[in-house]
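See below for the structure under consideration.
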Amino acid sequence: MIALRYDTQYFDLDERSSITLEADSPAFVNDAIPGLRVYSFNLPNSRNNRGLLSYADQLNRRDAFRVLDDVNLELMGLHFRKGKLQIEQSDSKAFAVSFIADTGDVAATLKETRLRALDMGTASVNTSPNIASYPGDKHCFFTVKNPIFYGDTNSDYIGYVNYFDNNNFKSNTTINEHTLTPFVFVRSVLDAIAQLIGYRQQGDWLDKIDQLCIYSNIALDALNGSGLNIYQSNFNPADHLPDMSCGAFLQAIRSLFGLMINFDSTKKTMEFVPLTELVSNTNYLKMDHAAVKEHSLEPYPLDGYELRMGIDSSDELYKRKTIRSTYYELGRKEKKISSQAGTLYMLTEPDPRNPGQVWTIPQVEQPGTSAEFDIENEAGLRLLWYHANPSDYYQGSPYDDDYDLSYHLGDPNNLYTRGWQPWLEHVAQPSVQTSLNWRLPDLLSINFGRKLLIKGNAFLLEKYSLPVSRNGLGTAKVKLRRVKY
Amino acid sequence: MSITISNLEVIVSPSDNQFSESYIQFRFELNNNTGFDIQPADYTAIMVGQNPGGTSTQFVYEANVPNGSSETILTPRYQTLNPNNSLATFEFQVSQRPWGSNPVITTTVQAADAFIYNPFETRIELENWGLALDPTRTGFPINQNNWYATAEVQFKNYFLEEYQLRKIEIIYDDGSTNEYVLPTDEYLLDPPVNVTDNVSTYIEVTEYPAGASLPLLVRKDKNVSSLRYTLTPSDRWEPYELLASPANVQLNYFPMQLELTTSGNSIFLNVTQGLAPYSYRWNDGTTSQNRENVAPGLYAVTVTDALGYTAQGSVQLGDLHYFSHNPVTLDVNVPDHASKDFLRAVCEVWIERDYGSDSYEKIFEAEQPLDSQGNTLFNFREVLDSFLQPQLPGLTIQRQDHQFTRFYLRFFERYGDPETTGGVTQVQENMLLMGGISELEYARGNFFGLHFAQKPFYSWQPLQKYVAPDQPEYLLFIVNSFDYSQFDVVVKLYYIQPDGSETSSEHVIYSRSSVSKYEPFLFPVGYEQLHLAGYGCSELDRYEIYVKNGSQIVSEIRTYILDYSIHRYRRYFLYQNSLGGWDTLVTTGKAEQSLRIDSETQERYLPPDHGPLERPTEVVSRTASPEVDVSVGYKGKDMMQALQDFMVAREVYTIEKKNDRLELTPVEVDLRSATIHDETETLQTFDFSYRPPRFMQYTPVLLSPANPAIPIEASADVTNDEITLTVSGGTPPYTYAWSDGATSQNRSGLANGEYDVLIRDSQSPAQAYRLCMLTIDFSPVVYNPGAISFDVIGGRYIETPNIYDINAPGYHFQHLDGDLFSTAGIVVFEAQMISQNTEILAGINRFQFSLLLENGSIIAPPASAPLCRVYNFSGGPVTTYTIVQDIDYNLKGTWQQIIIDIDSAAPQTCNIGLNFTSEINNPNDPTFYISDIVLRP
């Protein structure tokens, strides 16, 4: 009933081998990207297994590998999961191995790889106005007010990063009054992550964030022989990303926007599904045939949520002001959903070089990073919308082009009302613990994004635990969330 | 003295649509300067086509060409059809050559490249034709020594050659256009074409566009409003126009997509994309698109499209059905797997919920990665198994619709980013039957390799089985061939006659038509179920059940030997065997019913007057369930093997006969307590226990006839050549099946013999046992035709009247004493036929009145008078004399005479006989007879 296959060959399994398949819905786990599934097997130390594991049990096999990639777990003749096989221990009788499935095969990579280590190639700097657009461009520029970027190291600095005037991001001519910092598109980063793990990205949601970029305080400074900052002409976009792991980045995006990120190790897809789509999805999977009578109810804790955006601790502005828009509180704030991602505040003021012109630009009070000026300060993940507006000052903001969506939690039309509220209201229902007699097709059809219809009630699957033995599938213990239709 | 051909011209008529053929003709002028007149049939013009099929056209010109004159001759049309690079040869010869010598001339006409395109298929190109680019040749001399001229025409199938992009036209916003006529030699579509115009519009034609997808455009350029390109090998091609316009035009070739679908014993191939027409080549050399009614096996096809691209696909045409408890697999291979990113094999499972509806529902889709060889194996056993359910037997034959389903597996590839699907699609239709064979047997392949060829009934029961008369038995038959669509289930009855001999008779008990391969049919075959205890069957020893298509037996033969032994304890259990059929377990051992306490609630109850010897507790409630322990009784070794199926059966019912009904009660067999006695013991038996249902539930009942109190009864009345049946009981109307094939109730005109008739009532064959079997030993009582007397008219009485069966043709002699003829004189014999019936049916019945004289000779009488003279009674040979009289209705009761004139005085012994024959027998009216024969002195 259970089979482990490596390419064309099957491992010998103990007759009594049994595993318990477990999974948590990525829709209900707010603080991590779930999916790391480890199943332990004892493989008999048979001739076949020894060969497949390259005699890892032999004392003299120093170079025996520990991990076997692309191992397939099959249930009753059909493929179930693809993953890694990790040899934990071996003796003369058996190999103790772990089969790491689902995101298990990429989780470590995502966790261990920093954004700055991503292979993003190089980008060239063009200060003359040019609409940057993904995917042709990986970054954009727009003016951000940051009076303390250089601190005391550059007194000529006028207090604005990417100062824009007369259709130009200004270069320095005599003194280092300007600086240039690229803001990398979120999608370019996601592309690089997908490439890193060999997955494809899926989801219509991606097309909506083409213009979303990541604020950076790492300047492109390059001093020439006479000490004039002439900027780098080519650079690696990854160098201008916040110092965080790819996993943390995905998690921040997920929590900020209210997404479910599905990793499918068979299809090699990383799917981004807004939770609100789960609410509106009326594609039910009927499961009356599997339902058993007994169940227990766990009332929904109706004591509210607290949603928080990341606040960059090195931003003095945030310390001075109470930024109401970075969090959203509901009821008794029992549950916390927080994202490392934040955004910038906007400021409307006269352009200091052209006082007749009043502009609205993002502002920050945060020391910058510039090797040339020997300053270093890590900034957190902050997202801004690039308006792709070549002749206007209004080029970057926490609002989308139509002011229709604010990348704050607290504003009207904010991420809470758009991304979270329908979902949180939809799932404000009791949880049900019950058992389901799944047949193999049911198990293989499980999709956490699809509602189950059991005896007239709609549910979303929160988690399941299903023992599988030589005799077939056992009874699945499931936790279901009652939802409205 | 010469013949010349001048103005030889080839007329090429291309077809203008795909339905007409193109053809060629030759026209030439024949100049006769031979000195004699060329007569009709003197000369022959021959056109020989080497392709197709080497056909040739020969004609004889029917005209005179006088010496010194010319005649224009137009040959018939030569159909070019679809020749590819073939030659047609034109020959001209004069067959009569008065001046003698043999011509040794094969002048090949030199070529001019006159060609005309057939836009659809063929370009006809003249080669070896003259010297100049002039399709018309003149002055073609044929002299005395050269009587023979040949022109060769080359046909080229242009379509199989390359295509050319001839012209690209770009239309700009301001209306101006730019046209690129491409040099034909350089811009074949493969390799790609790159054209750059002077406003840096870049046009790239990478590959030839495919079929309906043409044209394809990619991106709009602000400067160009449209682009038009012309594809040509000829001007007959319509230019295709692009509606919007590109900076980059990519004309993509869409590779062919093959879909191979198996259905029954046929394979259907569907090709999309690529460029039609396609040609097909299968691994066995066949070139048709579809393969219908073919043998099972692996079929691989290579499809070539009009551009020469090829695609390969293969499909396995199975000759087996699947069992639901065994793997249902599809093994697929993707040859070019290494070149496809993110490749997965996708297999959809479609089943037909209503058999025969042809409406399939997709129930599952599996997506699997492939291994390093590009292989993957799908196993849908778990997916499909749950769609089948056990189906109880019925009262008559029934198709077990719940126990099988048609399904198909549709495999295709999914790959790429963005994702696309395609490759070779395989659709394999198959049949899934409930049941299964053990893993070991499955792995060995014995069942389908050996067993299935025996056309088995799906049961492991022994081929010869002892059955009690009231024992219900069922057989599951699987239609095992595509070759028939109708079958009869036949019972062959073996009787032991009182003298110990054995007779047998064969009867159709069920018939089904419009059946298809793998359909399972279940039918009852028990003795009582078939009502074999009908009339005339009391001596039944055994019977065989088999299935026939026409005269051919298409199943194995199962023999049921009747076991009339009496057992004190006899119980029947019906269970579903591992192959999906239903078998009966007969137990003859004792059974014991006991109550098993499941739970008990006790209460400590100690009243003040509680005595020390009393029980210290009181039971408050107790639940128990009945359990029956059954001892199977003695079983033979073969039955013990067959009963392994019982051990693993999931569906077990007890059968009880109540008021002519078979009641089935589902029970839970507890085999944990089954005791299987060791084979080494003499007594082969086992015990088991079962639990009757704890609560009332629906009990399946196999009903007897609607009116079970009145079974069909029949009796036969046999008279003469007639059998008259009297039938009662059952539910009229009745139908009759005679052993000789007749279907009427009553029979007549029968020869002696044994006749069986199976009588069914209106419930039959829905209720198969409502029938009655009658065997009639037909040796009919002779109808008394009345008195036949011999009398002497006016004379003395000769003989006691005797009885003759006039319907048994032949002589019926009456021996007369010899002293009749002791004196000479006239003797008149007279006889008549009298009908007792109201009428004798019209028609000729020959009444022959003959005289046989054992000694003597007969002088034939004149034809006018039925009189014979008998002379020379002394020692003559045995002689007969016959007068023949046809009797019809009007002659009945008419006296017929034989008058004998005896001229010998010597007393003689003779026999006088009467021969009554019915030459045209009228068996339907045996009621006329000979009344009297009198002898007149």
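Chains: A, B, ... in order of the structure tokens. Residues: from 1 per chain. Ligands: from 1, in order shown.
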Report as a Markdown table: every residue of chain A with an atom at most 6 Å from chain B, its closest pair of atoms, and their distance in Å to one decimal, counting only C-alpha atoms, with rows sorted by chain and ascending residue number.
| residue | atom | partner | partner_atom | distance |
| --- | --- | --- | --- | --- |
| A:Asp7 | CA | B:Asp371 | CA | 4.8 |
| A:Thr8 | CA | B:Asp371 | CA | 5.8 |
| A:Gly77 | CA | B:Asn379 | CA | 4.7 |
| A:Leu78 | CA | B:Asn379 | CA | 5.8 |
| A:His79 | CA | B:Gln368 | CA | 5.8 |
| A:Pro441 | CA | B:Val383 | CA | 5.7 |
Those same residues, written as a CSV table (one decimal), in the first residue's frame with C-alpha atoms?
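Now in out34.csv:
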chain,number,residue,atom,x,y,z
A,7,ASP,CA,13.6,6.9,-10.0
A,8,THR,CA,12.8,3.5,-11.4
A,77,GLY,CA,-0.1,2.5,-6.8
A,78,LEU,CA,-0.6,6.2,-7.2
A,79,HIS,CA,1.9,9.0,-6.7
A,441,PRO,CA,-9.2,9.5,-4.5
Residue list (strand (DSSP E), DSSP) for range 112-290 of chain A, as a PyMOL selection string: chain A and resi 123-124+139-140+144-145+160-161+164-165+168-169+183-185+200-202+212-214+234-235+259-264+269-274+285-286
All alpha helix (DSSP H) positions in range 193-403 of chain A, as a list of chain:residue names: A:Ile193, A:Ala194, A:Gln195, A:Leu196, A:Ile197, A:Cys246, A:Gly247, A:Ala248, A:Phe249, A:Leu250, A:Gln251, A:Ala252, A:Ile253, A:Arg254, A:Ser255, A:Leu256, A:Phe257, A:Leu275, A:Thr276, A:Glu277, A:Leu278, A:Val279, A:Ser280, A:Glu316, A:Leu317, A:Tyr318, A:Lys319, A:Arg320
Residues from last step as file, N, CA and C atoms, as a CSV table (one decimal), in the first residue's frame:
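New file again13.csv:
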chain,number,residue,atom,x,y,z
A,193,ILE,N,13.5,33.8,-6.3
A,193,ILE,CA,13.3,32.7,-5.3
A,193,ILE,C,12.8,31.5,-6.0
A,194,ALA,N,11.9,31.7,-7.0
A,194,ALA,CA,11.3,30.5,-7.7
A,194,ALA,C,12.5,29.8,-8.4
A,195,GLN,N,13.3,30.6,-9.0
A,195,GLN,CA,14.4,30.0,-9.8
A,195,GLN,C,15.4,29.3,-8.8
A,196,LEU,N,15.5,29.8,-7.6
A,196,LEU,CA,16.4,29.2,-6.7
A,196,LEU,C,15.9,27.8,-6.3
A,197,ILE,N,14.6,27.6,-6.1
A,197,ILE,CA,14.1,26.3,-5.7
A,197,ILE,C,13.6,25.5,-6.9
A,246,CYS,N,14.8,34.1,2.5
A,246,CYS,CA,13.8,34.0,1.5
A,246,CYS,C,12.5,33.6,2.2
A,247,GLY,N,12.6,32.6,3.1
A,247,GLY,CA,11.4,32.2,3.8
A,247,GLY,C,10.7,33.3,4.6
A,248,ALA,N,11.5,34.0,5.3
A,248,ALA,CA,10.9,35.1,6.0
A,248,ALA,C,10.3,36.2,5.1
A,249,PHE,N,10.9,36.3,4.0
A,249,PHE,CA,10.3,37.3,3.0
A,249,PHE,C,8.9,36.8,2.5
A,250,LEU,N,8.9,35.5,2.2
A,250,LEU,CA,7.6,35.0,1.7
A,250,LEU,C,6.5,35.1,2.8
A,251,GLN,N,7.0,34.8,4.0
A,251,GLN,CA,6.1,34.8,5.2
A,251,GLN,C,5.6,36.2,5.4
A,252,ALA,N,6.4,37.2,5.2
A,252,ALA,CA,6.0,38.6,5.4
A,252,ALA,C,5.0,39.0,4.4
A,253,ILE,N,5.2,38.6,3.1
A,253,ILE,CA,4.3,38.9,2.1
A,253,ILE,C,3.0,38.2,2.4
A,254,ARG,N,3.1,37.0,2.8
A,254,ARG,CA,1.9,36.2,3.0
A,254,ARG,C,1.0,36.9,4.1
A,255,SER,N,1.7,37.3,5.2
A,255,SER,CA,0.9,37.8,6.3
A,255,SER,C,0.4,39.2,6.0
A,256,LEU,N,1.1,39.9,5.3
A,256,LEU,CA,0.7,41.3,5.0
A,256,LEU,C,-0.5,41.3,4.1
A,257,PHE,N,-0.5,40.5,3.1
A,257,PHE,CA,-1.6,40.5,2.1
A,257,PHE,C,-2.7,39.5,2.3
A,275,LEU,N,-6.5,34.8,0.5
A,275,LEU,CA,-7.5,34.1,1.3
A,275,LEU,C,-8.9,34.5,1.0
A,276,THR,N,-9.0,35.7,0.5
A,276,THR,CA,-10.4,36.1,0.1
A,276,THR,C,-10.9,35.3,-1.0
A,277,GLU,N,-10.0,34.7,-1.8
A,277,GLU,CA,-10.5,33.9,-2.9
A,277,GLU,C,-11.1,32.6,-2.4
A,278,LEU,N,-10.5,32.1,-1.3
A,278,LEU,CA,-11.1,30.9,-0.7
A,278,LEU,C,-12.5,31.2,-0.2
A,279,VAL,N,-12.7,32.4,0.2
A,279,VAL,CA,-14.1,32.7,0.7
A,279,VAL,C,-15.1,32.7,-0.5
A,280,SER,N,-14.6,33.2,-1.6
A,280,SER,CA,-15.6,33.3,-2.7
A,280,SER,C,-15.6,32.1,-3.6
A,316,GLU,N,13.6,56.7,12.8
A,316,GLU,CA,13.3,57.6,13.9
A,316,GLU,C,11.9,58.1,13.8
A,317,LEU,N,11.4,58.2,12.6
A,317,LEU,CA,10.0,58.8,12.4
A,317,LEU,C,9.0,58.0,13.1
A,318,TYR,N,9.2,56.7,13.1
A,318,TYR,CA,8.2,55.8,13.7
A,318,TYR,C,8.3,55.9,15.2
A,319,LYS,N,9.5,56.2,15.7
A,319,LYS,CA,9.6,56.3,17.1
A,319,LYS,C,8.9,57.6,17.6
A,320,ARG,N,8.9,58.6,16.8
A,320,ARG,CA,8.3,59.8,17.3
A,320,ARG,C,6.8,59.8,17.1
Using CA of Gln684 in chain B and CA of Glu556 in chain B as the two end points, give the distance in Å to one decimal.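 Calculated distance between CA of Gln684 in chain B and CA of Glu556 in chain B is 27.3 Å.
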So that I can see what lies close to Gly51 in chain A, please list as number ranges by chain the residues with an atom at most 12 Å from it, counting only C-alpha atoms and leaving out residues fewer than 2 positions away in the same chain. A: 6, 9-12, 44-49, 53-58, 64
Emit the selected residues as a PDB file, in the first residue's frame, including N, CA, C and O atoms.
ATOM      1  N   TYR A   6      12.651   5.385  -5.832  1.00  0.00           N
ATOM      2  CA  TYR A   6      13.694   6.308  -6.245  1.00  0.00           C
ATOM      3  C   TYR A   6      13.915   6.080  -7.724  1.00  0.00           C
ATOM      4  O   TYR A   6      14.364   5.005  -8.121  1.00  0.00           O
ATOM      5  N   GLN A   9      13.384   2.534  -9.260  1.00  0.00           N
ATOM      6  CA  GLN A   9      13.469   1.398  -8.342  1.00  0.00           C
ATOM      7  C   GLN A   9      12.730   1.657  -7.045  1.00  0.00           C
ATOM      8  O   GLN A   9      12.687   2.775  -6.546  1.00  0.00           O
ATOM      9  N   TYR A  10      12.187   0.587  -6.511  1.00  0.00           N
ATOM     10  CA  TYR A  10      11.445   0.688  -5.268  1.00  0.00           C
ATOM     11  C   TYR A  10      12.303   0.214  -4.098  1.00  0.00           C
ATOM     12  O   TYR A  10      13.054  -0.756  -4.216  1.00  0.00           O
ATOM     13  N   PHE A  11      12.141   0.879  -2.976  1.00  0.00           N
ATOM     14  CA  PHE A  11      12.774   0.407  -1.754  1.00  0.00           C
ATOM     15  C   PHE A  11      11.990  -0.771  -1.208  1.00  0.00           C
ATOM     16  O   PHE A  11      10.772  -0.842  -1.366  1.00  0.00           O
ATOM     17  N   ASP A  12      12.691  -1.689  -0.560  1.00  0.00           N
ATOM     18  CA  ASP A  12      11.995  -2.730   0.190  1.00  0.00           C
ATOM     19  C   ASP A  12      11.463  -2.090   1.464  1.00  0.00           C
ATOM     20  O   ASP A  12      12.183  -1.375   2.157  1.00  0.00           O
ATOM     21  N   PRO A  44      14.360  -2.072   5.803  1.00  0.00           N
ATOM     22  CA  PRO A  44      15.189  -3.238   6.117  1.00  0.00           C
ATOM     23  C   PRO A  44      16.528  -3.135   5.399  1.00  0.00           C
ATOM     24  O   PRO A  44      16.602  -2.603   4.290  1.00  0.00           O
ATOM     25  N   ASN A  45      17.531  -3.638   6.058  1.00  0.00           N
ATOM     26  CA  ASN A  45      18.860  -3.595   5.454  1.00  0.00           C
ATOM     27  C   ASN A  45      18.970  -4.740   4.450  1.00  0.00           C
ATOM     28  O   ASN A  45      19.664  -5.722   4.651  1.00  0.00           O
ATOM     29  N   SER A  46      18.242  -4.589   3.373  1.00  0.00           N
ATOM     30  CA  SER A  46      18.220  -5.635   2.358  1.00  0.00           C
ATOM     31  C   SER A  46      19.212  -5.279   1.264  1.00  0.00           C
ATOM     32  O   SER A  46      19.704  -4.168   1.175  1.00  0.00           O
ATOM     33  N   ARG A  47      19.466  -6.261   0.433  1.00  0.00           N
ATOM     34  CA  ARG A  47      20.421  -6.043  -0.650  1.00  0.00           C
ATOM     35  C   ARG A  47      19.990  -4.878  -1.538  1.00  0.00           C
ATOM     36  O   ARG A  47      20.764  -4.007  -1.893  1.00  0.00           O
ATOM     37  N   ASN A  48      18.695  -4.872  -1.839  1.00  0.00           N
ATOM     38  CA  ASN A  48      18.159  -3.834  -2.704  1.00  0.00           C
ATOM     39  C   ASN A  48      18.296  -2.450  -2.070  1.00  0.00           C
ATOM     40  O   ASN A  48      18.782  -1.499  -2.692  1.00  0.00           O
ATOM     41  N   ASN A  49      17.895  -2.371  -0.785  1.00  0.00           N
ATOM     42  CA  ASN A  49      17.964  -1.074  -0.113  1.00  0.00           C
ATOM     43  C   ASN A  49      19.405  -0.597   0.036  1.00  0.00           C
ATOM     44  O   ASN A  49      19.698   0.591  -0.124  1.00  0.00           O
ATOM     45  N   LEU A  53      20.727   2.864  -1.410  1.00  0.00           N
ATOM     46  CA  LEU A  53      21.277   3.882  -0.514  1.00  0.00           C
ATOM     47  C   LEU A  53      22.795   3.914  -0.602  1.00  0.00           C
ATOM     48  O   LEU A  53      23.462   4.465   0.259  1.00  0.00           O
ATOM     49  N   SER A  54      23.304   3.267  -1.634  1.00  0.00           N
ATOM     50  CA  SER A  54      24.717   3.365  -1.925  1.00  0.00           C
ATOM     51  C   SER A  54      25.566   2.892  -0.750  1.00  0.00           C
ATOM     52  O   SER A  54      26.571   3.475  -0.405  1.00  0.00           O
ATOM     53  N   TYR A  55      25.124   1.830  -0.111  1.00  0.00           N
ATOM     54  CA  TYR A  55      25.857   1.185   0.976  1.00  0.00           C
ATOM     55  C   TYR A  55      26.224   2.167   2.076  1.00  0.00           C
ATOM     56  O   TYR A  55      27.341   2.216   2.563  1.00  0.00           O
ATOM     57  N   ALA A  56      25.233   2.959   2.427  1.00  0.00           N
ATOM     58  CA  ALA A  56      25.482   3.978   3.439  1.00  0.00           C
ATOM     59  C   ALA A  56      25.738   3.367   4.804  1.00  0.00           C
ATOM     60  O   ALA A  56      26.146   4.059   5.725  1.00  0.00           O
ATOM     61  N   ASP A  57      25.463   2.074   4.954  1.00  0.00           N
ATOM     62  CA  ASP A  57      25.661   1.465   6.261  1.00  0.00           C
ATOM     63  C   ASP A  57      27.094   0.974   6.473  1.00  0.00           C
ATOM     64  O   ASP A  57      27.458   0.577   7.565  1.00  0.00           O
ATOM     65  N   GLN A  58      27.871   0.985   5.432  1.00  0.00           N
ATOM     66  CA  GLN A  58      29.220   0.440   5.544  1.00  0.00           C
ATOM     67  C   GLN A  58      30.139   1.460   6.216  1.00  0.00           C
ATOM     68  O   GLN A  58      30.101   2.645   5.899  1.00  0.00           O
ATOM     69  N   ALA A  64      29.415   8.172   1.463  1.00  0.00           N
ATOM     70  CA  ALA A  64      28.004   7.810   1.244  1.00  0.00           C
ATOM     71  C   ALA A  64      27.132   9.035   1.472  1.00  0.00           C
ATOM     72  O   ALA A  64      27.363   9.825   2.384  1.00  0.00           O
TER      73      ALA A  64
END
Work out how far apart CA of Thr304 in chain B and CA of Glu348 in chain B are and give it in Å to one decimal.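 Computed distance, CA of Thr304 in chain B to CA of Glu348 in chain B, equals 27.7 Å.
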Contacts of range 210-220 of chain A at 7 Å (only C-alpha atoms; same-chain gap of 4+ positions) as a PyMOL selection string: chain A and resi 134+179-187+231-232+240-241+368-370+379+381-386
Write to file, as a compact mmCIF listing (two decimals), in the first residue's frame, the residues of the selection just made, with N, CA and C atoms.
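And here is the file that came out, result-v3.txt:
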# COMPACT_ATOMS: atom_id res chain seq x y z
N TYR A 134 8.32 46.02 -14.67
CA TYR A 134 8.59 44.60 -14.53
C TYR A 134 7.96 43.89 -15.71
N THR A 179 22.05 61.31 -3.70
CA THR A 179 22.41 59.89 -3.68
C THR A 179 21.30 59.10 -4.36
N LEU A 180 21.64 57.88 -4.73
CA LEU A 180 20.71 57.08 -5.53
C LEU A 180 20.59 55.70 -4.87
N THR A 181 19.35 55.30 -4.66
CA THR A 181 19.10 53.98 -4.05
C THR A 181 18.04 53.26 -4.87
N PRO A 182 18.32 52.07 -5.34
CA PRO A 182 17.33 51.35 -6.16
C PRO A 182 16.32 50.62 -5.29
N PHE A 183 15.10 50.63 -5.74
CA PHE A 183 14.03 49.88 -5.06
C PHE A 183 13.66 48.71 -5.97
N VAL A 184 13.92 47.52 -5.49
CA VAL A 184 13.78 46.32 -6.32
C VAL A 184 12.31 45.86 -6.31
N PHE A 185 11.84 45.48 -7.48
CA PHE A 185 10.46 45.00 -7.59
C PHE A 185 10.28 43.69 -6.83
N VAL A 186 9.16 43.59 -6.13
CA VAL A 186 8.86 42.38 -5.37
C VAL A 186 8.83 41.16 -6.30
N ARG A 187 8.25 41.37 -7.48
CA ARG A 187 8.11 40.22 -8.38
C ARG A 187 9.48 39.73 -8.88
N TYR A 231 27.84 57.47 -8.71
CA TYR A 231 26.97 56.28 -8.68
C TYR A 231 27.59 55.12 -9.46
N GLN A 232 27.19 53.94 -9.03
CA GLN A 232 27.58 52.75 -9.77
C GLN A 232 26.77 52.71 -11.05
N HIS A 240 20.65 45.10 -2.66
CA HIS A 240 19.86 46.21 -2.11
C HIS A 240 18.59 45.71 -1.43
N LEU A 241 18.57 44.44 -1.14
CA LEU A 241 17.41 43.87 -0.46
C LEU A 241 17.67 43.82 1.03
N GLY A 368 21.38 55.51 6.42
CA GLY A 368 21.55 54.68 5.23
C GLY A 368 22.77 53.79 5.31
N THR A 369 22.97 53.06 4.24
CA THR A 369 24.14 52.19 4.12
C THR A 369 24.90 52.60 2.87
N SER A 370 26.14 52.91 3.04
CA SER A 370 26.96 53.27 1.89
C SER A 370 28.40 52.95 2.24
N ALA A 379 18.09 48.04 7.28
CA ALA A 379 16.69 48.47 7.28
C ALA A 379 15.82 47.25 7.11
N LEU A 381 12.09 45.27 6.00
CA LEU A 381 11.37 45.10 4.74
C LEU A 381 10.22 46.09 4.69
N ARG A 382 10.26 46.96 3.71
CA ARG A 382 9.17 47.92 3.57
C ARG A 382 8.79 48.01 2.09
N LEU A 383 7.50 48.01 1.88
CA LEU A 383 7.00 47.93 0.50
C LEU A 383 6.33 49.24 0.10
N LEU A 384 6.55 49.60 -1.14
CA LEU A 384 5.94 50.81 -1.68
C LEU A 384 5.47 50.53 -3.09
N TRP A 385 4.53 51.31 -3.49
CA TRP A 385 3.98 51.18 -4.84
C TRP A 385 4.69 52.15 -5.78
N TYR A 386 5.18 51.65 -6.86
CA TYR A 386 5.86 52.49 -7.85
C TYR A 386 4.82 52.91 -8.88
Skip range 308-320 of chain B itself and residues of its chain fewer than 2 positions away, then list as a PyMOL selection string all residues within 7 Å of it, counting only C-alpha atoms. chain B and resi 256+258+260+262+296-306+322+424+426
Can you write just those residues out, C-alpha atoms, as a PDB file, in the first residue's frame?
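Produced file out-v2.pdb, reproduced below:
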ATOM      1  CA  MET B 256       0.931  17.399 -34.485  1.00  0.00           C
ATOM      2  CA  LEU B 258      -2.162  12.575 -31.709  1.00  0.00           C
ATOM      3  CA  LEU B 260      -5.289   7.369 -29.884  1.00  0.00           C
ATOM      4  CA  THR B 262      -9.296   2.354 -28.142  1.00  0.00           C
ATOM      5  CA  PRO B 296      -5.095  -7.200 -29.443  1.00  0.00           C
ATOM      6  CA  GLY B 297      -1.549  -5.990 -29.219  1.00  0.00           C
ATOM      7  CA  LEU B 298       0.636  -2.936 -29.223  1.00  0.00           C
ATOM      8  CA  TYR B 299      -0.101  -0.545 -32.034  1.00  0.00           C
ATOM      9  CA  ALA B 300       2.374   2.174 -32.872  1.00  0.00           C
ATOM     10  CA  VAL B 301       1.794   4.713 -35.566  1.00  0.00           C
ATOM     11  CA  THR B 302       3.914   7.282 -37.297  1.00  0.00           C
ATOM     12  CA  VAL B 303       1.992  10.170 -38.721  1.00  0.00           C
ATOM     13  CA  THR B 304       3.544  12.357 -41.376  1.00  0.00           C
ATOM     14  CA  ASP B 305       1.944  15.633 -42.225  1.00  0.00           C
ATOM     15  CA  ALA B 306       2.034  17.527 -45.480  1.00  0.00           C
ATOM     16  CA  TYR B 322      -9.783  -5.699 -15.475  1.00  0.00           C
ATOM     17  CA  VAL B 424       0.382  11.929 -27.503  1.00  0.00           C
ATOM     18  CA  GLN B 426      -3.952   7.865 -25.241  1.00  0.00           C
TER      19      GLN B 426
END
Write out as a list in words the residues lying within 10 Å of Thr127 in chain A, counting only C-alpha atoms and excluding same-chain residues fewer than 2 positions away.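 In the requested form, the answer reads Ser124, Val125, Pro129, Asn130, Phe141, Asn162, Phe164, Asn167, Asn168, Phe169, Lys170, Ser171, Leu180, Tyr231 and Ser233 of chain A.
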When you look at range 463-472 of chain A with a cut-off of 6 Å (counting only C-alpha atoms), what residues show up, excluding the ones that are within fewer than 5 positions of it in the same chain? I need them as a list of chain:residue names.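 The residues that qualify are A:Met1, A:Ser18, A:Ile19, A:Thr20, A:Leu21, A:Glu22, A:Ala23, A:Asp24, A:Ser25, A:Lys477, A:Val478, A:Lys479.
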Quick one: pull the distance between CA of Pro524 in chain B and CA of Thr396 in chain B, Å, one decimal.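 Value for the CA of Pro524 in chain B-CA of Thr396 in chain B distance: 6.1 Å.
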